[in-house]
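Structure file coords30.txt (compact mmCIF, C-alpha atoms) follows.
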# COMPACT_ATOMS: atom_id res chain seq x y z
CA MET A 1 49.75 87.13 70.65
CA ARG A 2 46.66 85.30 69.42
CA THR A 3 44.57 88.41 69.97
CA ALA A 4 46.98 90.47 67.92
CA TRP A 5 46.70 87.92 65.12
CA LEU A 6 42.88 88.00 65.28
CA VAL A 7 42.79 91.80 65.13
CA LEU A 8 45.13 91.71 62.15
CA ARG A 9 43.00 89.11 60.38
CA LYS A 10 39.84 91.11 61.02
CA ASP A 11 41.41 94.22 59.45
CA PHE A 12 42.59 92.17 56.50
CA ALA A 13 39.15 90.71 55.96
CA ILE A 14 37.53 94.15 55.92
CA GLU A 15 40.18 95.55 53.64
CA ALA A 16 39.98 92.60 51.24
CA ARG A 17 36.26 93.30 50.73
CA SER A 18 36.58 96.92 49.67
CA TRP A 19 40.27 97.72 49.08
CA GLU A 20 39.24 101.20 50.16
CA VAL A 21 42.22 102.20 52.29
CA LEU A 22 44.88 100.57 50.15
CA THR A 23 43.74 102.03 46.84
CA THR A 24 43.20 105.54 48.21
CA THR A 25 46.54 105.44 50.02
CA LEU A 26 48.38 104.30 46.93
CA PHE A 27 46.76 106.91 44.75
CA PHE A 28 47.50 109.63 47.27
CA ALA A 29 51.13 108.54 47.51
CA ALA A 30 51.47 108.63 43.74
CA ALA A 31 49.89 112.09 43.65
CA CYS A 32 52.37 113.24 46.33
CA VAL A 33 55.33 112.04 44.29
CA LEU A 34 54.01 113.85 41.21
CA VAL A 35 53.45 117.12 43.08
CA PHE A 36 57.00 117.01 44.39
CA ALA A 37 58.27 116.10 40.95
CA PHE A 38 56.84 119.38 39.65
CA ALA A 39 58.51 121.26 42.47
CA PHE A 40 61.96 119.72 42.19
CA VAL A 41 62.51 118.96 38.54
CA ARG A 42 64.38 121.69 36.64
CA GLU A 43 65.02 121.35 32.91
CA GLY A 44 64.14 117.70 32.90
CA LYS A 45 66.43 116.78 35.77
CA ALA A 46 65.58 116.29 39.42
CA VAL A 47 67.47 118.27 42.04
CA GLU A 48 70.21 116.15 43.58
CA ASP A 49 69.13 114.22 46.68
CA ALA A 50 65.47 115.06 46.06
CA ALA A 51 64.48 111.42 45.51
CA ALA A 52 65.13 110.36 49.13
CA GLY A 53 63.14 113.25 50.53
CA ILE A 54 60.25 112.74 48.12
CA LEU A 55 60.06 109.03 48.93
CA TRP A 56 59.86 109.61 52.68
CA ILE A 57 57.46 112.53 52.48
CA ALA A 58 55.16 110.41 50.32
CA ILE A 59 55.36 107.61 52.91
CA ALA A 60 54.65 109.96 55.81
CA PHE A 61 51.75 111.76 54.11
CA SER A 62 50.04 108.65 52.81
CA GLY A 63 50.67 106.95 56.17
CA THR A 64 48.79 109.74 57.93
CA LEU A 65 45.93 109.38 55.51
CA ALA A 66 45.80 105.61 55.97
CA LEU A 67 45.86 105.95 59.77
CA GLY A 68 42.97 108.37 59.64
CA ARG A 69 40.92 106.15 57.34
CA THR A 70 41.42 102.85 59.21
CA PHE A 71 40.39 104.34 62.52
CA GLU A 72 37.54 106.32 60.99
CA ARG A 73 36.14 102.96 59.89
CA GLU A 74 36.39 101.65 63.45
CA ARG A 75 34.59 104.74 64.69
CA TYR A 76 31.67 104.39 62.27
CA GLY A 77 30.90 100.89 63.44
CA GLU A 78 31.75 101.66 67.08
CA THR A 79 33.91 98.59 66.71
CA LEU A 80 36.88 100.01 68.57
CA ARG A 81 34.74 100.18 71.69
CA ALA A 82 33.70 96.59 71.13
CA LEU A 83 37.32 95.58 70.80
CA LEU A 84 38.17 97.37 74.02
CA LEU A 85 35.26 95.71 75.82
CA ALA A 86 36.50 92.28 74.81
CA PRO A 87 38.39 90.43 77.55
CA ALA A 88 41.67 90.71 75.71
CA PRO A 89 44.94 92.29 76.81
CA ARG A 90 45.09 95.87 75.56
CA PRO A 91 48.68 95.77 74.30
CA ALA A 92 47.72 92.84 72.07
CA LEU A 93 45.02 95.00 70.42
CA TYR A 94 47.64 97.67 69.83
CA VAL A 95 50.09 95.18 68.33
CA GLY A 96 47.37 93.87 66.02
CA LYS A 97 46.52 97.34 64.79
CA LEU A 98 50.21 98.18 64.40
CA LEU A 99 50.84 95.04 62.32
CA GLY A 100 47.92 95.98 60.07
CA MET A 101 49.36 99.45 59.58
CA LEU A 102 52.82 98.01 58.82
CA ALA A 103 51.38 95.61 56.25
CA LEU A 104 49.48 98.44 54.57
CA LEU A 105 52.43 100.82 54.44
CA GLY A 106 54.73 97.99 53.37
CA THR A 107 52.48 97.32 50.39
CA ALA A 108 52.40 101.02 49.56
CA GLU A 109 56.22 101.10 49.68
CA LEU A 110 56.39 98.15 47.28
CA PHE A 111 54.84 100.47 44.71
CA LEU A 112 56.41 103.72 45.82
CA VAL A 113 60.06 102.69 45.78
CA PRO A 114 60.12 101.47 42.17
CA MET A 115 58.08 104.51 41.15
CA VAL A 116 60.57 106.94 42.69
CA ALA A 117 63.50 104.95 41.34
CA PHE A 118 61.95 105.02 37.88
CA LEU A 119 60.87 108.65 37.79
CA PHE A 120 63.99 110.16 39.33
CA GLN A 121 66.57 107.73 37.95
CA ALA A 122 67.56 107.01 41.55
CA THR A 123 69.80 104.01 42.15
CA LEU A 124 67.64 102.79 45.00
CA PHE A 125 68.38 99.13 44.42
CA SER A 126 72.17 99.18 44.63
CA ARG A 127 72.11 98.06 48.27
CA PRO A 128 68.73 96.32 48.65
CA LEU A 129 69.28 94.97 52.17
CA LEU A 130 70.24 98.35 53.61
CA LEU A 131 67.29 99.98 51.86
CA VAL A 132 64.90 97.39 53.30
CA ALA A 133 66.38 97.95 56.78
CA LEU A 134 65.92 101.72 56.45
CA LEU A 135 62.38 101.42 55.14
CA SER A 136 61.25 98.93 57.77
CA GLY A 137 62.90 100.85 60.61
CA GLY A 138 61.35 104.12 59.50
CA THR A 139 57.93 102.64 58.87
CA LEU A 140 57.91 100.89 62.24
CA GLY A 141 58.81 104.08 64.13
CA PHE A 142 56.24 106.12 62.22
CA SER A 143 53.42 103.57 62.58
CA ALA A 144 54.16 102.87 66.26
CA VAL A 145 53.48 106.50 67.17
CA GLY A 146 50.78 106.90 64.52
CA THR A 147 48.72 103.90 65.62
CA LEU A 148 48.77 105.04 69.24
CA PHE A 149 47.66 108.61 68.51
CA ALA A 150 45.14 107.65 65.84
CA ALA A 151 43.54 105.18 68.26
CA MET A 152 43.29 107.81 70.96
CA LEU A 153 42.03 110.49 68.60
CA VAL A 154 39.00 108.38 67.67
CA ARG A 155 37.20 109.99 70.58
CA ALA A 156 38.51 113.53 70.17
CA ARG A 157 37.03 116.48 68.34
CA SER A 158 38.75 117.74 65.14
CA ARG A 159 40.76 114.51 64.91
CA ASP A 160 41.72 115.03 61.26
CA VAL A 161 43.71 118.13 62.14
CA LEU A 162 45.13 116.90 65.42
CA LEU A 163 46.64 113.68 64.07
CA PRO A 164 49.23 115.35 61.82
CA ILE A 165 49.83 118.08 64.41
CA LEU A 166 50.85 115.46 66.96
CA LEU A 167 52.38 112.94 64.63
CA TYR A 168 54.79 115.03 62.57
CA PRO A 169 56.79 116.76 65.31
CA ILE A 170 57.23 113.49 67.20
CA THR A 171 58.11 111.34 64.20
CA ILE A 172 60.28 113.85 62.33
CA PRO A 173 63.47 112.41 63.90
CA VAL A 174 62.50 109.07 62.34
CA ILE A 175 61.80 110.66 58.97
CA ILE A 176 65.07 112.63 59.07
CA ALA A 177 66.99 109.43 59.81
CA GLY A 178 65.21 107.70 56.92
CA VAL A 179 65.89 110.54 54.47
CA ARG A 180 69.55 110.90 55.42
CA GLY A 181 70.13 107.15 55.32
CA THR A 182 68.44 106.81 51.94
CA SER A 183 70.30 109.74 50.41
CA ALA A 184 73.57 108.19 51.63
CA LEU A 185 72.63 105.12 49.61
CA LEU A 186 71.77 107.24 46.58
CA ALA A 187 75.19 108.88 46.40
CA GLU A 188 77.45 108.22 43.44
CA THR A 189 79.26 105.56 45.48
CA PRO A 190 76.83 104.34 48.16
CA ASP A 191 78.01 105.50 51.57
CA GLU A 192 77.42 102.35 53.60
CA PRO A 193 78.82 103.39 57.02
CA THR A 194 76.58 106.48 57.08
CA ALA A 195 73.53 104.46 56.09
CA ILE A 196 74.30 101.89 58.80
CA MET A 197 74.67 104.65 61.39
CA TRP A 198 71.21 106.00 60.48
CA ILE A 199 69.76 102.48 60.65
CA GLY A 200 71.16 102.24 64.19
CA ILE A 201 69.51 105.53 65.13
CA LEU A 202 66.23 104.35 63.59
CA ALA A 203 66.45 101.14 65.64
CA ALA A 204 67.01 103.15 68.83
CA PHE A 205 63.98 105.34 68.10
CA ASP A 206 61.89 102.27 67.27
CA VAL A 207 62.71 100.65 70.60
CA VAL A 208 61.86 103.84 72.53
CA PHE A 209 58.64 104.54 70.61
CA VAL A 210 57.28 101.00 70.65
CA THR A 211 58.03 100.61 74.37
CA LEU A 212 56.38 103.93 75.19
CA ALA A 213 53.36 103.13 73.03
CA LEU A 214 52.84 99.68 74.56
CA TRP A 215 53.27 101.14 78.02
CA THR A 216 50.78 104.01 77.54
CA PHE A 217 48.17 102.27 75.38
CA GLU A 218 46.42 100.66 78.33
CA PRO A 219 45.81 103.76 80.50
CA LEU A 220 45.08 105.85 77.40
CA MET A 221 42.33 103.63 76.10
CA THR A 222 40.62 103.31 79.47
CA GLU A 223 37.78 105.75 80.04
CA MET B 224 51.17 128.71 101.37
CA ARG B 225 51.78 132.42 100.84
CA LYS B 226 54.57 132.55 103.45
CA VAL B 227 56.55 129.71 101.86
CA PHE B 228 55.98 131.19 98.44
CA GLY B 229 57.22 134.68 99.29
CA LEU B 230 60.84 133.64 99.76
CA PRO B 231 61.48 132.30 96.22
CA VAL B 232 59.84 135.40 94.74
CA VAL B 233 62.17 137.68 96.70
CA VAL B 234 65.21 135.54 95.80
CA VAL B 235 64.31 135.53 92.09
CA GLY B 236 63.85 139.30 92.16
CA ALA B 237 67.21 139.76 93.87
CA LEU B 238 68.96 137.39 91.45
CA PHE B 239 67.56 139.13 88.38
CA ALA B 240 68.49 142.52 89.84
CA ALA B 241 72.05 141.36 90.57
CA ALA B 242 72.56 139.47 87.31
CA PRO B 243 73.41 142.48 85.07
CA TYR B 244 76.22 143.45 87.44
CA PHE B 245 77.79 139.98 87.39
CA ILE B 246 77.32 139.60 83.63
CA ALA B 247 79.05 142.96 83.13
CA GLN B 248 81.89 141.80 85.39
CA ALA B 249 82.47 138.64 83.35
CA PRO B 250 85.32 138.97 80.82
CA TYR B 251 84.84 139.22 77.06
CA GLU B 252 85.30 135.99 75.17
CA SER B 253 88.41 136.36 72.96
CA THR B 254 86.90 135.79 69.48
CA MET B 255 83.22 136.73 69.84
CA GLY B 256 83.54 139.70 72.20
CA LEU B 257 80.41 141.33 73.56
CA ILE B 258 77.89 139.13 71.73
CA GLN B 259 79.06 136.06 73.64
CA LYS B 260 77.40 137.48 76.76
CA ILE B 261 74.04 136.45 75.35
CA MET B 262 75.07 133.02 76.67
CA TYR B 263 73.94 134.15 80.14
CA PHE B 264 70.38 134.18 78.77
CA HIS B 265 70.61 131.50 76.12
CA VAL B 266 71.97 128.60 78.21
CA PRO B 267 69.77 129.23 81.29
CA SER B 268 66.61 129.38 79.17
CA TRP B 269 67.36 125.95 77.73
CA ILE B 270 68.20 124.61 81.20
CA ALA B 271 64.83 125.90 82.40
CA MET B 272 63.17 124.34 79.34
CA TYR B 273 64.66 120.93 80.08
CA ALA B 274 63.52 121.26 83.71
CA ALA B 275 60.02 122.12 82.45
CA ILE B 276 60.01 119.11 80.10
CA LEU B 277 61.05 116.84 82.95
CA VAL B 278 58.27 118.15 85.20
CA CYS B 279 55.75 117.94 82.36
CA GLY B 280 56.73 114.37 81.40
CA VAL B 281 56.83 113.02 84.94
CA SER B 282 53.54 114.61 85.97
CA SER B 283 51.93 113.41 82.71
CA ALA B 284 53.02 109.86 83.55
CA ILE B 285 51.60 110.20 87.06
CA TYR B 286 48.36 111.54 85.60
CA LEU B 287 48.11 108.72 83.07
CA PHE B 288 48.80 105.87 85.45
CA GLN B 289 47.29 107.12 88.70
CA ASN B 290 44.67 109.49 87.32
CA LYS B 291 45.46 112.35 89.69
CA PRO B 292 43.99 115.65 88.44
CA ALA B 293 46.63 117.62 90.38
CA ALA B 294 49.38 115.99 88.31
CA ASP B 295 47.59 117.09 85.14
CA ARG B 296 47.49 120.68 86.37
CA TYR B 297 51.25 120.61 86.89
CA ALA B 298 51.73 119.00 83.48
CA VAL B 299 49.84 121.70 81.60
CA SER B 300 51.60 124.46 83.54
CA ALA B 301 54.99 122.92 82.79
CA ALA B 302 54.08 122.51 79.10
CA GLU B 303 53.24 126.21 78.81
CA LEU B 304 56.55 127.07 80.49
CA THR B 305 58.38 124.70 78.15
CA VAL B 306 57.05 126.69 75.21
CA LEU B 307 57.90 129.97 76.95
CA PHE B 308 61.51 129.10 77.83
CA GLY B 309 61.96 127.30 74.52
CA SER B 310 60.95 130.40 72.59
CA MET B 311 63.40 132.44 74.67
CA GLY B 312 66.12 130.02 73.63
CA LEU B 313 64.98 130.09 70.02
CA VAL B 314 65.08 133.89 69.98
CA THR B 315 68.44 134.33 71.71
CA GLY B 316 70.02 131.54 69.62
CA PRO B 317 69.62 133.21 66.19
CA LEU B 318 70.64 136.59 67.66
CA TRP B 319 73.87 135.00 68.81
CA GLY B 320 74.26 132.97 65.61
CA ARG B 321 73.88 136.06 63.39
CA LYS B 322 77.02 137.56 64.95
CA ALA B 323 79.01 134.37 65.61
CA TRP B 324 78.23 132.33 62.46
CA GLY B 325 77.06 135.11 60.15
CA VAL B 326 73.62 133.56 59.64
CA TRP B 327 70.39 133.67 61.62
CA TRP B 328 69.61 130.01 61.19
CA GLU B 329 71.62 126.96 60.22
CA TRP B 330 69.85 123.68 59.41
CA ASP B 331 72.04 121.53 61.60
CA VAL B 332 70.92 118.74 63.88
CA ARG B 333 70.87 120.70 67.12
CA LEU B 334 68.92 123.68 65.85
CA THR B 335 66.44 121.56 63.93
CA SER B 336 65.81 119.14 66.77
CA ALA B 337 65.47 121.95 69.32
CA LEU B 338 62.83 123.53 67.09
CA LEU B 339 61.09 120.16 66.90
CA LEU B 340 61.05 119.81 70.66
CA GLU B 341 59.40 123.21 70.91
CA LEU B 342 56.85 122.13 68.28
CA ILE B 343 55.97 118.96 70.22
CA PHE B 344 54.96 121.05 73.20
CA VAL B 345 53.11 123.58 71.06
CA ALA B 346 51.21 120.55 69.71
CA TYR B 347 50.55 119.52 73.33
CA LEU B 348 48.89 122.87 74.00
CA LEU B 349 46.95 122.79 70.72
CA VAL B 350 45.58 119.34 71.49
CA ARG B 351 44.46 120.45 74.91
CA LYS B 352 42.80 123.55 73.51
CA TYR B 353 40.99 122.02 70.53
CA GLY B 354 40.82 118.32 71.35
CA GLY B 355 37.61 118.51 73.34
CA PRO B 356 36.85 116.19 76.25
CA GLY B 357 39.43 113.50 76.94
CA SER B 358 42.23 115.41 75.25
CA GLU B 359 44.16 115.67 78.54
CA LYS B 360 45.24 112.04 78.28
CA LEU B 361 46.13 112.41 74.64
CA ALA B 362 48.28 115.42 75.47
CA ALA B 363 49.88 113.52 78.35
CA ALA B 364 51.01 110.82 75.92
CA ALA B 365 52.46 113.48 73.63
CA ALA B 366 54.37 114.90 76.61
CA LEU B 367 55.85 111.46 77.33
CA PHE B 368 57.07 111.21 73.74
CA GLY B 369 58.44 114.74 74.01
CA MET B 370 60.36 113.75 77.12
CA ALA B 371 61.74 110.73 75.26
CA VAL B 372 63.02 112.93 72.42
CA ALA B 373 64.59 115.55 74.72
CA PRO B 374 67.82 113.64 75.62
CA PHE B 375 68.39 113.11 71.89
CA VAL B 376 68.27 116.87 71.36
CA TYR B 377 70.70 117.45 74.23
CA LYS B 378 73.22 114.84 73.07
CA SER B 379 72.89 115.60 69.33
CA VAL B 380 75.84 118.03 69.33
CA ASP B 381 78.15 115.29 70.61
CA ILE B 382 77.01 112.69 68.07
CA TRP B 383 77.15 114.84 64.94
CA ARG B 384 79.45 117.55 63.74
CA THR B 385 77.41 120.73 64.12
CA VAL B 386 78.10 124.43 64.23
CA HIS B 387 76.60 124.58 67.70
CA PRO B 388 79.08 124.21 70.63
CA LYS B 389 79.18 120.83 72.35
CA THR B 390 77.76 119.97 75.76
CA SER B 391 81.29 119.77 77.15
CA VAL B 392 81.72 123.55 76.76
CA VAL B 393 79.60 124.58 79.74
CA PRO B 394 81.36 122.45 82.42
CA THR B 395 84.80 123.56 81.21
CA LEU B 396 84.15 127.31 81.25
CA PRO B 397 86.74 129.41 83.10
CA LYS B 398 85.64 130.30 86.63
CA VAL B 399 85.06 133.98 85.82
CA MET B 400 82.39 132.95 83.29
CA ALA B 401 81.04 129.87 85.08
CA GLY B 402 80.16 131.95 88.16
CA PRO B 403 77.75 134.37 86.45
CA LEU B 404 76.33 131.51 84.36
CA ALA B 405 75.57 129.45 87.47
CA LEU B 406 73.91 132.51 88.98
CA THR B 407 71.71 133.19 85.96
CA ALA B 408 70.89 129.48 85.60
CA LEU B 409 69.77 129.40 89.23
CA ALA B 410 67.69 132.53 88.64
CA PHE B 411 65.96 130.96 85.63
CA LEU B 412 65.29 127.70 87.48
CA LEU B 413 63.80 129.56 90.42
CA LEU B 414 61.76 131.69 88.03
CA PHE B 415 60.49 128.47 86.48
CA PHE B 416 59.58 127.16 89.92
CA VAL B 417 57.72 130.35 90.85
CA LEU B 418 55.81 130.50 87.56
CA LEU B 419 55.00 126.78 87.75
CA THR B 420 53.56 127.13 91.24
CA LEU B 421 51.53 130.19 90.26
CA ARG B 422 50.19 128.60 87.07
CA ALA B 423 49.30 125.32 88.77
CA ARG B 424 47.52 127.29 91.48
CA LEU B 425 45.56 129.15 88.83
CA ALA B 426 44.58 125.83 87.24
CA GLU B 427 43.47 124.53 90.61
CA ARG B 428 41.34 127.64 91.16
CA GLN B 429 39.75 127.15 87.73
CA ALA B 430 38.95 123.54 88.55
CA VAL B 431 37.30 124.58 91.82
CA LEU B 432 35.33 127.27 90.00
CA ASP B 433 34.17 124.80 87.34
CA GLU B 434 32.96 122.43 90.03
CA LEU B 435 31.03 125.26 91.70
CA TYR B 436 29.37 126.15 88.38
CA LEU B 437 28.39 122.52 87.87
CA ALA B 438 27.02 122.26 91.41
CA HIS B 439 25.06 125.48 90.89
CA GLU B 440 23.46 124.19 87.70
CA ASP B 441 22.32 120.93 89.32

Output the file's structure as structure tokens, nothing else.
Amino acid sequence: MRTAWLVLRKDFAIEARSWEVLTTTLFFAAACVLVFAFAFVREGKAVEDAAAGILWIAIAFSGTLALGRTFERERYGETLRALLLAPAPRPALYVGKLLGMLALLGTAELFLVPMVAFLFQATLFSRPLLLVALLSGGTLGFSAVGTLFAAMLVRARSRDVLLPILLYPITIPVIIAGVRGTSALLAETPDEPTAIMWIGILAAFDVVFVTLALWTFEPLMTE
Amino acid sequence: MRKVFGLPVVVVGALFAAAPYFIAQAPYESTMGLIQKIMYFHVPSWIAMYAAILVCGVSSAIYLFQNKPAADRYAVSAAELTVLFGSMGLVTGPLWGRKAWGVWWEWDVRLTSALLLELIFVAYLLVRKYGGPGSEKLAAAAALFGMAVAPFVYKSVDIWRTVHPKTSVVPTLPKVMAGPLALTALAFLLLFFVLLTLRARLAERQAVLDELYLAHED
């Protein structure tokens, strides 16, 4: 647990010096939302249900970018190897990296959600607790798989292409659950039972993905 | 090796030769008529795909945790067969759907998730092909995640209301239809077994050849 905390603090310290990943991720997410706005807005009005999809696609795309950047930084300094050489339990390193990813995406969502709500007149804040549950469940599932594959891809050739190729098919169930749950909340009268059902499914996927990732991280990162 | 292997090949050949007769014998389904007979290809190809996913996932786990190269050869063979049988299911499905539902493709949970499952294993093959050294382990992890998603795809029709028939349909088929289906399913599973053995043997041969090349260069 202490190792995980140290890894997290190290990532924070680096990020606080340059703000490189956070600012680029945020800008990219905003650009994503705008691109989709052009695609889905007809005569000044957004297509119904588009807001939920746009929000989650922006999260997934900018998440991929952030994953690539954070691990690219580790690769430049050969610091990932140093981390792996340290006499620390491997799963703790993974948890540290995962927490860093969650913090980063959480910050991005803090900006993204109001932006989508504002631009698409979406009533995202009518059920704040359910929305937070959906967002955290979805982000956890996405980052759990993403951190594992991004860490492994550090050594591979053509890693920029392979990360989305691997990540999207595996995490699409999570993204679908997030989109459906969010659009249930966006309905004229928020459909709570449906949203809660999708939160349950997200939780199930999170448990499976995090367990699998913790279980496979050790043999995967051993050369 | 060759002696043991000959028997399944003969049995598969016989089963595939006999299948058209038994499928023709099976009665027409009351509402869908002739088109329903595509089931004798559609269901067995998915059964074979699930078998391939199971083999791929289990051998990937063995490869990851015990580092046995033989397990990796079975994993890659099974992944290729997953894509093969999956694409058979994805071709026969829309053909059936066009007649039964009036559309080629419906974006419901079962169809979408089945397509995803296929994509995961296509990604597996892509990673192995373009990932460079060390990509075998990466692909093995992807296979484990694919195996984790597979039960969700299978059960999805029971959780949500979809246009696709539920899992309870197959066990409750009338005997005259269940018989031919069991026969074709057995034929597909045996075909999977034969292809898996052949492909893994090919991979083993390649590994031996690579070693010889390396030894020659030294």

Rounded to one decimal place, report the atom CA of Asp331 of chain B-atom CA of Trp383 of chain B distance in Å.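 If I compute the distance from atom CA of Asp331 of chain B to atom CA of Trp383 of chain B, I get 9.1 Å.
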
Calculate how many Å separate atom CA of Ala195 of chain A from atom CA of Val174 of chain A, rounding to one decimal.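 Rounded to one decimal, the two atoms are 13.5 Å apart.
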
Which residues of chain B are close to chain A, meaning at most 6 Å apart when you count only C-alpha atoms, and how do they look as an mmCIF file with C-alpha atoms, keeping the file's coordinate frame?
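Resulting contents of out.cif:
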data_model
loop_
_atom_site.group_PDB
_atom_site.id
_atom_site.type_symbol
_atom_site.label_atom_id
_atom_site.label_comp_id
_atom_site.auth_asym_id
_atom_site.auth_seq_id
_atom_site.Cartn_x
_atom_site.Cartn_y
_atom_site.Cartn_z
ATOM 1 C CA LEU B 339 61.090 120.160 66.900
ATOM 2 C CA ILE B 343 55.970 118.960 70.220
ATOM 3 C CA ALA B 346 51.210 120.550 69.710
ATOM 4 C CA GLY B 354 40.820 118.320 71.350
ATOM 5 C CA GLY B 355 37.610 118.510 73.340
#

So how many Å separate atom CA of Arg333 of chain B and atom CA of Val376 of chain B, to one decimal? 6.3 Å

Judged by only C-alpha atoms, the minimum distance to Gly63 of chain A among A:Leu134, A:Met115, A:Ala16, A:Ala144 is found for A:Ala144

What lies within 7 Å of Phe308 of chain B using only C-alpha atoms, ignoring chain neighbours under 2 positions off, as a ChimeraX atom specification? /B:268-269,271-272,304-306,310-312

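Across A:Ala29, A:Leu202, A:Glu109, A:Lys97, the tightest approach to Val179 of chain A is made by A:Leu202 when counting all atoms listed in the file.
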
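Nearest residue to Ala410 of chain B among B:Val431, B:Lys322, B:Thr395, B:Pro267 is B:Pro267, counting all atoms listed in the file.
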
Within 10 Å of Ala187 of chain A, counting all atoms listed in the file, which residues show up once you throw out same-chain ones fewer than 5 positions away? Write them as an mmCIF file with C-alpha atoms, in the coordinates of the input, please.
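Generated file (result36.cif):
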data_model
loop_
_atom_site.group_PDB
_atom_site.id
_atom_site.type_symbol
_atom_site.label_atom_id
_atom_site.label_comp_id
_atom_site.auth_asym_id
_atom_site.auth_seq_id
_atom_site.Cartn_x
_atom_site.Cartn_y
_atom_site.Cartn_z
ATOM 1 C CA GLU A 48 70.210 116.150 43.580
ATOM 2 C CA ASP A 49 69.130 114.220 46.680
ATOM 3 C CA ALA A 122 67.560 107.010 41.550
ATOM 4 C CA THR A 123 69.800 104.010 42.150
ATOM 5 C CA LEU A 124 67.640 102.790 45.000
ATOM 6 C CA THR A 182 68.440 106.810 51.940
ATOM 7 C CA GLU A 192 77.420 102.350 53.600
#

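Minimum atom-to-atom distances from B:Asp433, B:Asp441, B:Glu252, B:Asp295 to Ala362 of chain B were compared using only C-alpha atoms, and the lowest value belongs to B:Asp295.
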
Kindly indicate which residue among A:Ala92, A:Ile199, A:Ala103, A:Val33 lies nearest to Ala51 of chain A, using only C-alpha atoms for the distances.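 Once distances to Ala51 of chain A are computed over only C-alpha atoms, the minimum belongs to A:Val33.
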
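Shortest atom-to-atom contact with Glu78 of chain A among A:Leu140, A:Val154, A:Ile57, A:Thr25: A:Val154, counting only C-alpha atoms.
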